[in-house]
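Here's the structure we're looking at; comments come further down.
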Amino acid sequence: MALGWLTISLLWMLGLHLGWATVLHEDFSSDPLEGGWQIFGDRSLFQWDSSAQVLAVTWDSSHSNSFFHLPVGLVLTAADDFSFAFDLRLQDIRTGSTPGKSNEFEIAIGLLNRSSATQTNAYRGAGQSATYGVRNLVEFDYFPDAGFGDTVATTVVSTNNRIFPAHNFPLTLQAGAVHHFVISYSAADRMVRTAATRDGSPFGLPPQNTLASISLVDRPDFQVDAFALINYSDAVQAGPPAFHGSVLAHGIVDNIELQIPANPVSQLRLHRRPDGWEAIFEASAGWTFALRRSVDLRSWSRIATASNAIASTISLVDTNAPPPGAFYSIQADRP
């Protein structure tokens with residue numbers, strides 16, 4: 001809303017208004033950039049094909065970290081049940097595309113934390129580096145063979161940069177075939193499970209198509225807030241240079257489905273008061289809420305907080321005059 005020189009916007013976690021047992025489906029029948037998707041990094045790596053109604057993706061590790069991503073409106077943690085699925089059809093893929101980096105490097109699709117992933121010193125190839133490592137990931141990775149065998153790996157990276165992979169090799173993604181992957185996480189047993197088909201038939205480990213799972217029992221948490229098609233840079237890698245890798249691949253991604261928990265905030269509205277601004281919303285039970293303010297959507301100040309034991313209406317007030325062009329957001333956390 002606009003009041004002369006002052007523009008105030010109210011956002012829910014900079015994301016989407018979602019319902020309980022939310023299922024987000026993207027079939028690329030319309031321009032995804034008009035439906036909430038965003039691009040970080042090199043836009044040339046992601047092209048919407050309006051005639052085929054698919055997204056064409058180039059994974060080129062010689063380019064910068066780049067993500068075609070959809071904010072999901074929640075921060076998903078180890079306390080949440082969720083799943084994501086997608087179709088992947090590779091046209092071509094090879095290692096050693098960057099001179100001097102002839103070993104394995106991954107292409108990736110999955111959930112990330114936008115704040116962690118967009119840091120200038122975040123490099124997936126750096127591994128568990130305190131300086132360069134990427135944090136907060138739940139992702140599908142594929143490493144084309146450079147001597148160790150083609151490898152499918154579902155990988156979780158925690159908030160403190162511990163890496164938990166479930167490798168399946170040798171397991172080759174056939175060029176031209178449609179591979180469908182489903183990655184699901186269960187909070188009850190803290191287990192990440194992966195299943196796959198190829199052209200509709202079971203694909204992966206026997207007896208059917210269930211790939212290796214990751215147990216996160218007694219292990220650190222993760223925090224992810226966006227689904228992304230991910231191009232990682234090969235600029236910084238762990239280990240001796242002789243083991244550094246690179247990848248160049250072209251493929252099609254389609255039929256993305258994401259199942260996430262309910263949004264604990266609904267009917268969000270902002271009101272002008274004599275003593276400031278007031279955010280009012282319907283809140284789910286068992287959460288704590290914070291009203292935050294920003295002028296650049298990067299740095300946020302916490303203004304007011306509240307918690308509730310039962311579902312109720314919550315009011316959070318900012319009694320200080322906000323600067324021009326201010327934004328408000330509601331952050332929800334479980335105690």
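By order in the structure tokens, chains are A, B, ...; within a chain, residues start at 1; ligands start at 1, following the order shown.
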Sel. of strand (DSSP E or B) residues, stretch 184-327 of chain A, as a PyMOL selection string: chain A and resi 184-186+191-198+201-202+210-215+224-231+245+247-260+265-273+276-283+287-294+301-308+312-318+327
Store the residues picked out above in a file with C-alpha atoms, as a PDB file, in the first residue's frame.
ATOM      1  CA  SER A 184      10.816 -38.029   0.377  1.00  0.00           C
ATOM      2  CA  TYR A 185      11.703 -37.182   3.960  1.00  0.00           C
ATOM      3  CA  SER A 186       9.946 -38.608   7.025  1.00  0.00           C
ATOM      4  CA  MET A 191      14.921 -40.862   6.901  1.00  0.00           C
ATOM      5  CA  VAL A 192      15.375 -39.615   3.334  1.00  0.00           C
ATOM      6  CA  ARG A 193      14.212 -42.139   0.737  1.00  0.00           C
ATOM      7  CA  THR A 194      14.615 -42.070  -3.033  1.00  0.00           C
ATOM      8  CA  ALA A 195      12.721 -43.984  -5.722  1.00  0.00           C
ATOM      9  CA  ALA A 196      13.108 -43.866  -9.499  1.00  0.00           C
ATOM     10  CA  THR A 197      11.764 -45.112 -12.807  1.00  0.00           C
ATOM     11  CA  ARG A 198      13.156 -44.961 -16.332  1.00  0.00           C
ATOM     12  CA  SER A 201       9.893 -49.027 -15.622  1.00  0.00           C
ATOM     13  CA  PRO A 202      11.687 -49.702 -12.306  1.00  0.00           C
ATOM     14  CA  THR A 210      14.136 -47.950  -4.277  1.00  0.00           C
ATOM     15  CA  LEU A 211      17.542 -46.331  -4.166  1.00  0.00           C
ATOM     16  CA  ALA A 212      19.748 -46.087  -1.085  1.00  0.00           C
ATOM     17  CA  SER A 213      18.304 -44.105   1.829  1.00  0.00           C
ATOM     18  CA  ILE A 214      19.881 -41.655   4.271  1.00  0.00           C
ATOM     19  CA  SER A 215      19.331 -41.971   8.015  1.00  0.00           C
ATOM     20  CA  VAL A 224      15.729 -25.285   3.271  1.00  0.00           C
ATOM     21  CA  ASP A 225      13.297 -22.778   1.766  1.00  0.00           C
ATOM     22  CA  ALA A 226      13.335 -23.183  -2.031  1.00  0.00           C
ATOM     23  CA  PHE A 227      13.179 -25.898  -4.684  1.00  0.00           C
ATOM     24  CA  ALA A 228      15.845 -25.411  -7.343  1.00  0.00           C
ATOM     25  CA  LEU A 229      17.490 -26.680 -10.489  1.00  0.00           C
ATOM     26  CA  ILE A 230      21.103 -26.133  -9.514  1.00  0.00           C
ATOM     27  CA  ASN A 231      24.259 -25.392 -11.480  1.00  0.00           C
ATOM     28  CA  GLY A 245      36.267 -32.311 -11.645  1.00  0.00           C
ATOM     29  CA  VAL A 247      30.696 -31.244 -15.899  1.00  0.00           C
ATOM     30  CA  LEU A 248      28.781 -30.078 -18.953  1.00  0.00           C
ATOM     31  CA  ALA A 249      25.263 -31.407 -19.507  1.00  0.00           C
ATOM     32  CA  HIS A 250      22.096 -30.471 -21.350  1.00  0.00           C
ATOM     33  CA  GLY A 251      18.693 -31.767 -20.387  1.00  0.00           C
ATOM     34  CA  ILE A 252      14.983 -31.277 -19.927  1.00  0.00           C
ATOM     35  CA  VAL A 253      13.196 -30.998 -16.572  1.00  0.00           C
ATOM     36  CA  ASP A 254       9.413 -31.357 -16.297  1.00  0.00           C
ATOM     37  CA  ASN A 255       6.522 -32.404 -14.033  1.00  0.00           C
ATOM     38  CA  ILE A 256       7.908 -31.071 -10.781  1.00  0.00           C
ATOM     39  CA  GLU A 257       5.822 -31.878  -7.710  1.00  0.00           C
ATOM     40  CA  LEU A 258       6.543 -30.627  -4.208  1.00  0.00           C
ATOM     41  CA  GLN A 259       4.591 -31.676  -1.108  1.00  0.00           C
ATOM     42  CA  ILE A 260       5.143 -29.564   1.982  1.00  0.00           C
ATOM     43  CA  VAL A 265       0.060 -18.125   8.700  1.00  0.00           C
ATOM     44  CA  SER A 266      -3.160 -17.272   6.855  1.00  0.00           C
ATOM     45  CA  GLN A 267      -5.331 -14.228   6.166  1.00  0.00           C
ATOM     46  CA  LEU A 268      -2.335 -11.951   6.534  1.00  0.00           C
ATOM     47  CA  ARG A 269      -3.067  -8.204   6.397  1.00  0.00           C
ATOM     48  CA  LEU A 270      -1.380  -4.918   7.299  1.00  0.00           C
ATOM     49  CA  HIS A 271      -3.103  -1.931   8.938  1.00  0.00           C
ATOM     50  CA  ARG A 272      -2.038   1.645   9.629  1.00  0.00           C
ATOM     51  CA  ARG A 273      -2.421   2.672  13.266  1.00  0.00           C
ATOM     52  CA  GLY A 276       2.585   2.684  13.688  1.00  0.00           C
ATOM     53  CA  TRP A 277       1.805  -0.394  11.579  1.00  0.00           C
ATOM     54  CA  GLU A 278       0.044  -3.597  12.625  1.00  0.00           C
ATOM     55  CA  ALA A 279       0.246  -7.071  11.053  1.00  0.00           C
ATOM     56  CA  ILE A 280      -2.762  -9.302  11.811  1.00  0.00           C
ATOM     57  CA  PHE A 281      -3.036 -12.962  10.821  1.00  0.00           C
ATOM     58  CA  GLU A 282      -4.552 -16.307  11.733  1.00  0.00           C
ATOM     59  CA  ALA A 283      -1.882 -18.498  13.314  1.00  0.00           C
ATOM     60  CA  TRP A 287       4.506 -21.802  16.588  1.00  0.00           C
ATOM     61  CA  THR A 288       6.349 -18.610  17.475  1.00  0.00           C
ATOM     62  CA  PHE A 289       6.040 -15.605  15.164  1.00  0.00           C
ATOM     63  CA  ALA A 290       8.132 -12.518  14.528  1.00  0.00           C
ATOM     64  CA  LEU A 291       7.333  -9.307  12.654  1.00  0.00           C
ATOM     65  CA  ARG A 292      10.448  -8.242  10.739  1.00  0.00           C
ATOM     66  CA  ARG A 293      11.288  -5.118   8.734  1.00  0.00           C
ATOM     67  CA  SER A 294      13.700  -4.508   5.851  1.00  0.00           C
ATOM     68  CA  SER A 301      15.263  -6.326  11.835  1.00  0.00           C
ATOM     69  CA  ARG A 302      13.030  -8.158  14.312  1.00  0.00           C
ATOM     70  CA  ILE A 303      10.320  -5.753  15.526  1.00  0.00           C
ATOM     71  CA  ALA A 304       7.877  -7.806  17.621  1.00  0.00           C
ATOM     72  CA  THR A 305       7.297 -11.444  18.583  1.00  0.00           C
ATOM     73  CA  ALA A 306       4.482 -13.685  19.794  1.00  0.00           C
ATOM     74  CA  SER A 307       3.772 -17.357  20.439  1.00  0.00           C
ATOM     75  CA  ASN A 308       0.557 -19.337  20.749  1.00  0.00           C
ATOM     76  CA  SER A 312      -5.682 -17.958  17.232  1.00  0.00           C
ATOM     77  CA  THR A 313      -5.555 -14.478  15.733  1.00  0.00           C
ATOM     78  CA  ILE A 314      -2.240 -12.720  16.343  1.00  0.00           C
ATOM     79  CA  SER A 315      -1.411  -9.022  16.120  1.00  0.00           C
ATOM     80  CA  LEU A 316       2.170  -7.729  15.869  1.00  0.00           C
ATOM     81  CA  VAL A 317       2.815  -3.979  15.917  1.00  0.00           C
ATOM     82  CA  ASP A 318       5.683  -1.758  14.801  1.00  0.00           C
ATOM     83  CA  PHE A 327       9.022  -4.170   3.702  1.00  0.00           C
TER      84      PHE A 327
END
Please list as a PyMOL selection string every residue within 12 Å of A:Pro220, counting only C-alpha atoms and excluding residues in the same chain fewer than 4 positions away. chain A and resi 77-79+135-136+156-164+190+215-216
Filtering to C-alpha atoms, could you give me those residues as an mmCIF file, in the first residue's frame?
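The resulting file, selection.cif, is shown below:
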data_model
loop_
_atom_site.group_PDB
_atom_site.id
_atom_site.type_symbol
_atom_site.label_atom_id
_atom_site.label_comp_id
_atom_site.auth_asym_id
_atom_site.auth_seq_id
_atom_site.Cartn_x
_atom_site.Cartn_y
_atom_site.Cartn_z
ATOM 1 C CA THR A 77 13.608 -28.648 8.721
ATOM 2 C CA ALA A 78 14.128 -32.134 10.101
ATOM 3 C CA ALA A 79 10.836 -31.702 11.994
ATOM 4 C CA ARG A 135 25.068 -25.541 3.869
ATOM 5 C CA ASN A 136 21.409 -26.582 4.068
ATOM 6 C CA VAL A 156 21.760 -33.873 2.718
ATOM 7 C CA VAL A 157 24.025 -31.064 3.926
ATOM 8 C CA SER A 158 23.299 -29.801 7.438
ATOM 9 C CA THR A 159 23.340 -26.287 8.839
ATOM 10 C CA ASN A 160 26.871 -26.873 10.139
ATOM 11 C CA ASN A 161 28.093 -28.244 6.788
ATOM 12 C CA ARG A 162 28.108 -31.959 7.544
ATOM 13 C CA ILE A 163 27.470 -33.966 4.371
ATOM 14 C CA PHE A 164 25.334 -37.132 4.321
ATOM 15 C CA ARG A 190 14.455 -38.913 10.121
ATOM 16 C CA SER A 215 19.331 -41.971 8.015
ATOM 17 C CA LEU A 216 19.588 -38.651 9.846
#
Write out as an MDAnalysis selection string the residues lying within 12 Å of A:Thr98, counting only C-alpha atoms and excluding same-chain residues fewer than 5 positions away. chainID A and resid 60:63 103:105 233:235 244:248
Show me, as a tab-separated table (two decimals) with N, CA and C atoms, in the first residue's frame, the residues that have an atom within 10 Å of A:Pro170 when counting only C-alpha atoms, minus same-chain residues fewer than 4 positions from it.
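Written out: around.tsv:
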chain	number	residue	atom	x	y	z
A	144	PRO	N	28.52	-38.08	-13.66
A	144	PRO	CA	28.89	-38.96	-14.77
A	144	PRO	C	30.27	-39.58	-14.51
A	145	ASP	N	30.49	-40.73	-15.09
A	145	ASP	CA	31.68	-41.53	-14.82
A	145	ASP	C	32.97	-40.83	-15.27
A	148	PHE	N	35.10	-43.80	-11.55
A	148	PHE	CA	34.48	-44.42	-10.38
A	148	PHE	C	33.10	-44.99	-10.68
A	149	GLY	N	32.62	-44.80	-11.90
A	149	GLY	CA	31.29	-45.28	-12.27
A	149	GLY	C	30.25	-44.18	-12.16
A	150	ASP	N	29.28	-44.17	-13.08
A	150	ASP	CA	28.17	-43.22	-13.01
A	150	ASP	C	27.49	-43.37	-11.66
A	151	THR	N	27.21	-42.26	-11.01
A	151	THR	CA	26.72	-42.31	-9.63
A	151	THR	C	25.50	-41.42	-9.44
A	152	VAL	N	24.42	-41.99	-8.88
A	152	VAL	CA	23.27	-41.24	-8.40
A	152	VAL	C	23.43	-41.11	-6.89
A	204	GLY	N	17.01	-48.69	-10.76
A	204	GLY	CA	17.78	-48.55	-9.54
A	204	GLY	C	18.08	-49.89	-8.91
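When atom CA of A:Asp189 is paired with atom CA of A:Phe84, their separation reads 17.9 Å.
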Grab the atom CA of A:Pro165 to atom CA of A:Leu205 distance for me, in Å with one decimal place.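 Atom CA of A:Leu205 lies at a distance of 16.0 Å from atom CA of A:Pro165.
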